[in-house]
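Student: To be precise about what I am sending: the file is called data29.cif and holds mmCIF, C-alpha atoms.
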```
data_input
loop_
_atom_site.group_PDB
_atom_site.id
_atom_site.type_symbol
_atom_site.label_atom_id
_atom_site.label_comp_id
_atom_site.auth_asym_id
_atom_site.auth_seq_id
_atom_site.Cartn_x
_atom_site.Cartn_y
_atom_site.Cartn_z
ATOM 1 C CA GLU A 1 186.449 58.565 90.677
ATOM 2 C CA PRO A 2 183.007 57.596 89.710
ATOM 3 C CA THR A 3 182.063 59.046 86.370
ATOM 4 C CA THR A 4 178.906 60.816 85.778
ATOM 5 C CA GLU A 5 177.297 60.084 82.458
ATOM 6 C CA PRO A 6 176.245 63.173 80.704
ATOM 7 C CA THR A 7 172.545 63.459 80.758
ATOM 8 C CA THR A 8 170.768 64.162 77.617
ATOM 9 C CA GLU A 9 167.895 66.559 78.038
ATOM 10 C CA PRO A 10 164.904 65.328 76.273
ATOM 11 C CA THR A 11 164.377 67.431 73.206
ATOM 12 C CA THR A 12 161.096 68.878 72.518
ATOM 13 C CA GLU A 13 160.170 68.707 68.916
ATOM 14 C CA PRO A 14 158.813 71.973 67.729
ATOM 15 C CA THR A 15 155.136 71.691 67.450
ATOM 16 C CA THR A 16 153.456 72.773 64.355
ATOM 17 C CA GLU A 17 150.255 74.580 65.028
ATOM 18 C CA PRO A 18 147.515 73.368 62.832
ATOM 19 C CA THR A 19 146.953 75.926 60.108
ATOM 20 C CA THR A 20 143.597 77.197 59.388
ATOM 21 C CA GLU A 21 142.921 77.696 55.720
ATOM 22 C CA PRO A 22 141.510 81.187 55.065
ATOM 23 C CA THR A 23 137.897 80.946 54.414
ATOM 24 C CA THR A 24 136.517 82.700 51.466
ATOM 25 C CA GLU A 25 133.355 84.495 52.276
ATOM 26 C CA PRO A 26 130.813 84.109 49.594
ATOM 27 C CA THR A 27 130.773 87.285 47.507
ATOM 28 C CA THR A 28 127.651 89.079 46.696
ATOM 29 C CA GLU A 29 127.605 90.571 43.243
ATOM 30 C CA PRO A 30 126.724 94.254 43.379
ATOM 31 C CA THR A 31 123.207 94.748 42.285
ATOM 32 C CA THR A 32 122.461 97.421 39.764
ATOM 33 C CA GLU A 33 119.462 99.396 40.777
ATOM 34 C CA PRO A 34 117.322 100.270 37.872
ATOM 35 C CA THR A 35 117.993 103.943 36.984
ATOM 36 C CA THR A 36 115.213 106.356 36.514
ATOM 37 C CA GLU A 37 115.899 108.950 33.821
ATOM 38 C CA PRO A 38 115.304 112.460 35.102
ATOM 39 C CA THR A 39 112.091 113.729 33.745
ATOM 40 C CA THR A 40 112.105 117.131 32.012
ATOM 41 C CA GLU A 41 109.082 119.109 32.802
ATOM 42 C CA PRO A 42 107.783 120.852 29.706
ATOM 43 C CA THR A 43 108.643 124.544 29.885
ATOM 44 C CA THR A 44 106.128 127.179 29.006
ATOM 45 C CA ALA A 45 107.592 130.332 27.436
ATOM 46 C CA GLU A 46 106.563 133.509 29.157
ATOM 47 C CA PRO A 47 104.280 135.515 26.916
ATOM 48 C CA VAL A 48 105.346 138.862 25.452
ATOM 49 C CA VAL A 49 103.275 141.667 26.932
ATOM 50 C CA LEU A 50 104.733 144.558 24.907
ATOM 51 C CA TYR A 51 107.551 145.475 22.521
ATOM 52 C CA GLU A 52 110.249 148.114 22.732
ATOM 53 C CA TYR A 53 111.681 149.537 19.505
ATOM 54 C CA GLN A 54 114.826 151.180 18.188
ATOM 55 C CA TYR A 55 115.042 152.859 14.771
ATOM 56 C CA SER A 56 118.653 153.419 13.761
ATOM 57 C CA LEU A 57 119.509 155.832 10.974
ATOM 58 C CA ASN A 58 122.707 156.214 9.029
ATOM 59 C CA GLY A 59 123.487 159.608 10.490
ATOM 60 C CA GLN A 60 121.161 161.891 12.426
ATOM 61 C CA ASP A 61 120.697 164.458 9.642
ATOM 62 C CA LYS A 62 119.105 163.549 6.332
ATOM 63 C CA PHE A 63 118.865 165.871 3.342
ATOM 64 C CA TYR A 64 115.581 166.126 1.458
ATOM 65 C CA LEU A 65 114.367 168.008 -1.583
ATOM 66 C CA SER A 66 111.436 170.320 -0.988
ATOM 67 C CA HIS A 67 109.340 168.846 -3.819
ATOM 68 C CA ASP A 68 109.485 165.257 -2.489
ATOM 69 C CA PRO A 69 105.891 164.154 -1.675
ATOM 70 C CA ARG A 70 106.824 160.670 -0.468
ATOM 71 C CA GLY A 71 106.820 159.659 3.176
ATOM 72 C CA PHE A 72 110.014 160.406 5.106
ATOM 73 C CA GLU A 73 110.562 156.701 5.815
ATOM 74 C CA GLN A 74 110.811 155.883 2.098
ATOM 75 C CA VAL A 75 114.104 157.745 1.865
ATOM 76 C CA TYR A 76 115.653 155.847 4.775
ATOM 77 C CA ALA A 77 116.484 152.706 2.816
ATOM 78 C CA ASP A 78 119.523 152.075 5.027
ATOM 79 C CA ALA A 79 117.682 152.478 8.342
ATOM 80 C CA THR A 80 117.307 149.540 10.737
ATOM 81 C CA LEU A 81 114.227 148.775 12.833
ATOM 82 C CA GLN A 82 114.819 146.584 15.895
ATOM 83 C CA ARG A 83 112.595 145.402 18.708
ATOM 84 C CA ARG A 84 112.703 143.325 21.878
ATOM 85 C CA GLY A 85 109.830 141.836 23.793
ATOM 86 C CA LYS A 86 109.055 142.411 27.444
ATOM 87 C CA LEU A 87 107.885 139.151 29.010
ATOM 88 C CA SER A 88 105.211 138.717 31.643
ATOM 89 C CA ASP A 89 107.880 137.959 34.273
ATOM 90 C CA GLY A 90 109.615 141.297 33.633
ATOM 91 C CA ASN A 91 112.520 139.906 31.585
ATOM 92 C CA PHE A 92 113.283 140.883 27.989
ATOM 93 C CA THR A 93 114.054 138.966 24.844
ATOM 94 C CA ASP A 94 117.130 139.815 22.780
ATOM 95 C CA TRP A 95 116.969 142.662 20.292
ATOM 96 C CA GLU A 96 116.083 141.479 16.782
ATOM 97 C CA THR A 97 116.066 143.282 13.441
ATOM 98 C CA ILE A 98 112.667 143.253 11.769
ATOM 99 C CA THR A 99 111.101 144.492 8.552
ATOM 100 C CA LEU A 100 108.270 146.999 8.466
ATOM 101 C CA ASP A 101 105.717 144.342 7.565
ATOM 102 C CA LYS A 102 106.118 142.925 11.092
ATOM 103 C CA VAL A 103 104.202 145.887 12.540
ATOM 104 C CA LYS A 104 100.730 147.212 11.767
ATOM 105 C CA SER A 105 101.906 150.692 10.804
ATOM 106 C CA PHE A 106 105.123 152.699 10.760
ATOM 107 C CA THR A 107 105.312 156.459 10.249
ATOM 108 C CA VAL A 108 108.109 159.021 10.324
ATOM 109 C CA ALA A 109 106.876 162.579 10.830
ATOM 110 C CA THR A 110 108.079 165.958 12.024
ATOM 111 C CA VAL A 111 107.810 166.548 15.767
ATOM 112 C CA ASP A 112 106.195 169.917 15.162
ATOM 113 C CA GLY A 113 103.084 169.640 13.035
ATOM 114 C CA GLY A 114 103.311 165.896 12.414
ATOM 115 C CA TYR A 115 104.055 166.329 8.706
ATOM 116 C CA THR A 116 104.794 162.979 7.101
ATOM 117 C CA ASN A 117 106.612 164.033 3.923
ATOM 118 C CA PRO A 118 109.236 166.633 2.990
ATOM 119 C CA LYS A 119 106.994 168.658 0.663
ATOM 120 C CA ALA A 120 104.211 169.143 3.220
ATOM 121 C CA ALA A 121 106.707 169.937 5.980
ATOM 122 C CA PHE A 122 108.620 172.451 3.839
ATOM 123 C CA ASP A 123 105.529 174.190 2.464
ATOM 124 C CA ALA A 124 104.205 174.668 6.000
ATOM 125 C CA GLN A 125 107.353 176.469 7.138
ATOM 126 C CA GLY A 126 107.388 179.328 4.652
ATOM 127 C CA VAL A 127 111.187 179.571 4.779
ATOM 128 C CA ALA A 128 114.053 179.074 2.315
ATOM 129 C CA TYR A 129 115.262 175.885 4.002
ATOM 130 C CA ALA A 130 114.359 174.034 7.173
ATOM 131 C CA LYS A 131 115.830 171.771 9.813
ATOM 132 C CA LEU A 132 113.063 169.780 11.511
ATOM 133 C CA PRO A 133 113.367 167.133 14.246
ATOM 134 C CA LEU A 134 111.655 163.846 13.403
ATOM 135 C CA MET A 135 109.731 161.256 15.391
ATOM 136 C CA VAL A 136 108.685 157.673 14.654
ATOM 137 C CA THR A 137 105.279 156.191 15.484
ATOM 138 C CA ILE A 138 104.887 152.403 15.451
ATOM 139 C CA GLU A 139 101.633 150.514 15.896
ATOM 140 C CA ASP A 140 101.693 146.821 16.788
ATOM 141 C CA GLU A 141 99.333 144.328 18.425
ATOM 142 C CA PHE A 142 99.810 146.004 21.803
ATOM 143 C CA GLY A 143 99.132 149.589 20.733
ATOM 144 C CA LYS A 144 101.221 152.567 19.608
ATOM 145 C CA ILE A 145 104.660 153.697 20.678
ATOM 146 C CA THR A 146 106.332 156.936 19.620
ATOM 147 C CA LEU A 147 110.086 157.483 19.470
ATOM 148 C CA THR A 148 111.002 161.154 19.910
ATOM 149 C CA PRO A 149 114.064 163.244 20.781
ATOM 150 C CA ASP A 150 112.859 163.062 24.401
ATOM 151 C CA ASN A 151 113.231 159.276 24.601
ATOM 152 C CA GLY A 152 116.405 158.819 22.599
ATOM 153 C CA PHE A 153 115.401 159.044 18.929
ATOM 154 C CA LYS A 154 117.407 161.882 17.414
ATOM 155 C CA ALA A 155 117.126 162.584 13.694
ATOM 156 C CA ASN A 156 116.575 165.744 11.685
ATOM 157 C CA ALA A 157 115.139 166.392 8.257
ATOM 158 C CA ILE A 158 117.026 169.171 6.485
ATOM 159 C CA ILE A 159 114.942 170.294 3.523
ATOM 160 C CA GLY A 160 115.832 172.687 0.704
ATOM 161 C CA VAL A 161 115.093 173.631 -2.895
ATOM 162 C CA LYS A 162 117.000 171.734 -5.565
ATOM 163 C CA GLY A 163 119.467 174.052 -7.308
ATOM 164 C CA ASP A 164 119.309 176.697 -4.553
ATOM 165 C CA THR A 165 123.002 177.370 -3.958
ATOM 166 C CA ASN A 166 122.626 180.644 -2.062
ATOM 167 C CA LEU A 167 119.749 179.354 0.093
ATOM 168 C CA ASP A 168 117.235 182.042 -0.781
ATOM 169 C CA GLY A 169 114.485 179.527 -1.586
ATOM 170 C CA THR A 170 114.703 179.564 -5.407
ATOM 171 C CA CYS A 171 116.886 178.187 -8.177
ATOM 172 C CA ALA A 172 117.977 181.098 -10.335
ATOM 173 C CA ALA A 173 120.856 182.530 -12.348
ATOM 174 C CA ASP A 174 122.720 183.775 -9.279
ATOM 175 C CA ASP A 175 122.910 180.195 -7.975
ATOM 176 C CA ALA A 176 124.552 179.102 -11.224
ATOM 177 C CA ALA A 177 127.016 181.989 -10.894
ATOM 178 C CA ASN A 178 127.997 180.825 -7.414
ATOM 179 C CA VAL A 179 128.594 177.293 -8.707
ATOM 180 C CA LEU A 180 130.843 178.580 -11.491
ATOM 181 C CA ILE A 181 132.888 180.660 -9.027
ATOM 182 C CA TYR A 182 133.277 177.644 -6.746
ATOM 183 C CA ALA A 183 134.209 175.314 -9.600
ATOM 184 C CA ALA A 184 136.823 177.790 -10.903
ATOM 185 C CA ALA A 185 138.439 178.075 -7.481
ATOM 186 C CA VAL A 186 138.573 174.300 -6.978
ATOM 187 C CA GLY A 187 139.876 173.838 -10.518
ATOM 188 C CA ALA A 188 142.706 176.255 -9.732
ATOM 189 C CA GLY A 189 143.641 174.223 -6.679
ATOM 190 C CA LYS A 190 142.301 176.726 -4.187
ATOM 191 C CA SER A 191 140.342 175.983 -1.046
ATOM 192 C CA ALA A 192 136.706 176.989 -1.473
ATOM 193 C CA ASN A 193 133.343 176.620 0.218
ATOM 194 C CA ILE A 194 130.105 176.378 -1.707
ATOM 195 C CA CYS A 195 128.096 177.525 1.320
ATOM 196 C CA ASP A 196 128.471 181.265 1.878
ATOM 197 C CA SER A 197 125.568 181.633 4.316
ATOM 198 C CA ASP A 198 126.578 182.497 7.867
ATOM 199 C CA ALA A 199 123.004 181.890 8.962
ATOM 200 C CA ALA A 200 123.088 178.324 7.590
ATOM 201 C CA VAL A 201 126.400 177.639 9.289
ATOM 202 C CA ALA A 202 124.950 178.872 12.581
ATOM 203 C CA ALA A 203 121.768 176.828 12.178
ATOM 204 C CA LEU A 204 123.255 173.598 10.829
ATOM 205 C CA GLY A 205 126.922 173.614 11.746
ATOM 206 C CA ALA A 206 129.726 174.316 9.273
ATOM 207 C CA ASP A 207 130.196 170.775 7.930
ATOM 208 C CA VAL A 208 126.488 169.990 7.594
ATOM 209 C CA ALA A 209 125.797 173.366 5.954
ATOM 210 C CA GLU A 210 128.585 172.838 3.419
ATOM 211 C CA ASN A 211 127.381 169.341 2.518
ATOM 212 C CA PHE A 212 123.746 170.491 2.387
ATOM 213 C CA VAL A 213 124.447 173.310 -0.091
ATOM 214 C CA TYR A 214 126.611 170.966 -2.155
ATOM 215 C CA PHE A 215 123.706 168.469 -2.227
ATOM 216 C CA LEU A 216 121.287 171.141 -3.489
ATOM 217 C CA SER A 217 123.756 172.534 -6.030
ATOM 218 C CA ASP A 218 124.979 169.191 -7.412
ATOM 219 C CA VAL A 219 121.846 168.879 -9.526
ATOM 220 C CA ASN A 220 123.097 165.980 -11.647
ATOM 221 C CA GLY A 221 124.646 164.056 -8.750
ATOM 222 C CA GLU A 222 123.014 165.120 -5.470
ATOM 223 C CA SER A 223 126.057 164.132 -3.431
ATOM 224 C CA GLU A 224 125.469 164.329 0.317
ATOM 225 C CA ASN A 225 129.149 164.277 1.248
ATOM 226 C CA GLY A 226 130.712 167.113 -0.708
ATOM 227 C CA GLY A 227 131.081 165.143 -3.923
ATOM 228 C CA ALA A 228 133.412 162.489 -2.531
ATOM 229 C CA SER A 229 133.163 158.935 -3.799
ATOM 230 C CA VAL A 230 131.859 156.269 -1.431
ATOM 231 C CA ALA A 231 133.399 152.788 -1.371
ATOM 232 C CA GLY A 232 130.847 150.378 -2.754
ATOM 233 C CA GLY A 233 128.450 153.278 -3.368
ATOM 234 C CA THR A 234 128.407 156.515 -5.288
ATOM 235 C CA ASP A 235 131.205 157.712 -7.541
ATOM 236 C CA ALA A 236 132.811 161.115 -7.147
ATOM 237 C CA SER A 237 130.383 163.856 -8.157
ATOM 238 C CA PRO A 238 132.154 167.118 -8.890
ATOM 239 C CA LEU A 239 130.296 170.405 -8.741
ATOM 240 C CA ASN A 240 131.075 172.132 -12.020
ATOM 241 C CA ALA A 241 129.845 174.008 -15.092
ATOM 242 C CA GLU A 242 127.422 171.201 -16.019
ATOM 243 C CA ASP A 243 125.489 171.782 -12.811
ATOM 244 C CA ALA A 244 125.443 175.520 -13.462
ATOM 245 C CA ALA A 245 124.106 174.934 -16.981
ATOM 246 C CA PHE A 246 121.268 172.767 -15.669
ATOM 247 C CA GLN A 247 120.454 175.416 -13.046
ATOM 248 C CA LEU A 248 120.129 178.021 -15.805
ATOM 249 C CA ILE A 249 117.893 175.739 -17.881
ATOM 250 C CA TYR A 250 115.641 175.114 -14.893
ATOM 251 C CA ALA A 251 115.460 178.811 -14.024
ATOM 252 C CA ALA A 252 114.547 179.723 -17.604
ATOM 253 C CA LYS A 253 111.826 177.078 -17.959
ATOM 254 C CA ASN A 254 110.427 177.737 -14.517
ATOM 255 C CA GLY A 255 110.260 181.447 -15.302
ATOM 256 C CA ALA A 256 108.591 180.894 -18.664
ATOM 257 C CA GLN A 257 106.144 178.173 -17.619
ATOM 258 C CA GLY A 258 105.621 179.009 -13.966
ATOM 259 C CA HIS A 259 106.740 175.486 -13.169
ATOM 260 C CA ALA A 260 109.469 173.100 -14.279
ATOM 261 C CA ASP A 261 110.197 169.470 -13.494
ATOM 262 C CA TRP A 262 113.843 168.617 -12.953
ATOM 263 C CA VAL A 263 113.593 165.231 -14.662
ATOM 264 C CA ALA A 264 111.058 165.804 -17.441
ATOM 265 C CA ASP A 265 112.083 169.368 -18.359
ATOM 266 C CA VAL A 266 115.763 169.626 -17.480
ATOM 267 C CA LEU A 267 117.835 166.509 -16.856
ATOM 268 C CA GLY A 268 116.021 163.685 -18.569
ATOM 269 C CA GLU A 269 115.712 160.202 -17.104
ATOM 270 C CA ASP A 270 119.158 159.143 -18.342
ATOM 271 C CA VAL A 271 120.960 161.957 -16.518
ATOM 272 C CA ALA A 272 118.761 162.476 -13.456
ATOM 273 C CA PRO A 273 120.370 161.234 -10.218
ATOM 274 C CA LYS A 274 118.770 158.480 -8.162
ATOM 275 C CA TYR A 275 116.869 160.635 -5.645
ATOM 276 C CA SER A 276 115.288 162.963 -8.217
ATOM 277 C CA LEU A 277 114.416 160.006 -10.444
ATOM 278 C CA GLU A 278 112.708 158.216 -7.543
ATOM 279 C CA ILE A 279 110.595 161.306 -6.836
ATOM 280 C CA TYR A 280 109.682 161.618 -10.516
ATOM 281 C CA ASN A 281 108.720 157.943 -10.887
ATOM 282 C CA TRP A 282 106.652 157.989 -7.697
ATOM 283 C CA THR A 283 104.859 161.156 -8.788
ATOM 284 C CA GLN A 284 104.068 159.692 -12.196
ATOM 285 C CA ALA A 285 102.730 156.501 -10.626
ATOM 286 C CA ASN A 286 100.561 158.372 -8.133
ATOM 287 C CA LYS A 287 98.964 160.990 -10.344
#
```
In structure tokens, how does this file's structure come out?
Tutor:
Amino acid sequence: EPTTEPTTEPTTEPTTEPTTEPTTEPTTEPTTEPTTEPTTEPTTAEPVVLYEYQYSLNGQDKFYLSHDPRGFEQVYADATLQRRGKLSDGNFTDWETITLDKVKSFTVATVDGGYTNPKAAFDAQGVAYAKLPLMVTIEDEFGKITLTPDNGFKANAIIGVKGDTNLDGTCAADDAANVLIYAAAVGAGKSANICDSDAAVAALGADVAENFVYFLSDVNGESENGGASVAGGTDASPLNAEDAAFQLIYAAKNGAQGHADWVADVLGEDVAPKYSLEIYNWTQANK
């Protein structure tokens, strides 16, 4: 049989497509735009158009001696005067504590009568002791402002006669007797009150009345808190026979002379408590 030679199919070599090298686009460096610093417009503070004031006392009731001729404000060494400004746009500044030399004038006076010192206020009342509401008047560059009980200022001056234990308006032997009775009871460990005036308790409140009578009777200490010691302040000031003895000396000299000075005639400058000594020194300097 004839043979058929196997045919060989021509092979097709795989074709290699020409490669195209990736082209690198020229890069453009980012440009930095010159920066413009934000400009700060100068600010103009709004002007103050008036001031509001607060006068804070250490307690609403302050005890005074009836012979004190100094202004009420001189006794408030621990008081704080604050103010804030009202700006022209209606906003307010923060409260700040200021001294009295920051205002043109500063006066504490009684609401009724406008008396500016304890002696004048007491003498005008014609009573054995007095409780008088106070007001504060401040004058600054914008005018005058008055702080009263009606707009939030609440403080009272409670004024009495030094040595007047029974609150009858004089210092006499019966006051000394009351002090001795009180001191004996306390010394025996009994509970006792130096104030025996129901009228004073009704007018002042029991605690204030008790402390007030103690203040008047404690002639060599003038404690305003029932004789208790105060941390960082006054030492304990007991009400005892020494006070009664000084009351008797005052009563005798006042009766014989028609007048007696607690410092010059009775206690002496070494024994006189701070308040009485301040009154005495001021009086001597302002004769």
Student: For this file, the PyMOL selection byres ((chain A and resi 93-103) around 6) selects which residues, as a list in words?
Tutor: Leu81, Gln82, Arg83, Arg84, Gly85, Phe92, Lys104, Ser105 and Asp140 of chain A
Student: Which is closer to Ile181 (chain A) than all the others in A:Leu132, A:Ala155, A:Ala244, A:Val263, using only C-alpha atoms?
Tutor: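 Among A:Leu132, A:Ala155, A:Ala244, A:Val263, it is A:Ala244 that comes nearest to Ile181 (chain A).
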Student: Counting all atoms listed in the file, give me one row per residue of region 126-219 of chain A with an atom at most 9 Å from an atom of region 61-66 of chain A, showing the shortest contact pair and its distance in Å to one decimal, sorted by chain then residue number, as a Markdown table.
Tutor:
```
| residue | atom | partner | partner_atom | distance |
| --- | --- | --- | --- | --- |
| A:Tyr129 | CA | A:Ser66 | CA | 8.4 |
| A:Lys131 | CA | A:Asp61 | CA | 8.8 |
| A:Lys154 | CA | A:Asp61 | CA | 8.8 |
| A:Ala155 | CA | A:Asp61 | CA | 5.7 |
| A:Asn156 | CA | A:Asp61 | CA | 4.8 |
| A:Ala157 | CA | A:Lys62 | CA | 5.2 |
| A:Ile158 | CA | A:Phe63 | CA | 4.9 |
| A:Ile159 | CA | A:Tyr64 | CA | 4.7 |
| A:Gly160 | CA | A:Ser66 | CA | 5.3 |
| A:Val161 | CA | A:Ser66 | CA | 5.3 |
| A:Lys162 | CA | A:Leu65 | CA | 6.1 |
| A:Val208 | CA | A:Asp61 | CA | 8.3 |
| A:Phe212 | CA | A:Phe63 | CA | 6.8 |
| A:Phe215 | CA | A:Phe63 | CA | 7.8 |
| A:Leu216 | CA | A:Leu65 | CA | 7.8 |
```
Student: To box region 107-121 of chain A, take all atoms listed in the file, fit an axis-aligned box, add 6 Å on each side, and give centre and edge lengths in Å to one decimal, as lines of an AutoDock Vina configuration file.
Tutor:
```
center_x = 106.2
center_y = 163.2
center_z = 8.2
size_x = 18.2
size_y = 25.5
size_z = 27.1
```
Student: Quick one: residues within 12 Å of Gln284 (chain A), all atoms listed in the file counted, chain neighbours fewer than 2 positions away excluded, as number ranges by chain?
Tutor: A: 69, 261, 263-264, 277-282, 286-287
Student: Expand the PyMOL selection byres ((chain A and resi 224) around 7) into the individual residues it matches in the shown file, reporting them as JSON, numbers by chain.
Tutor: {"A": [211, 212, 215, 222, 223, 225, 226]}
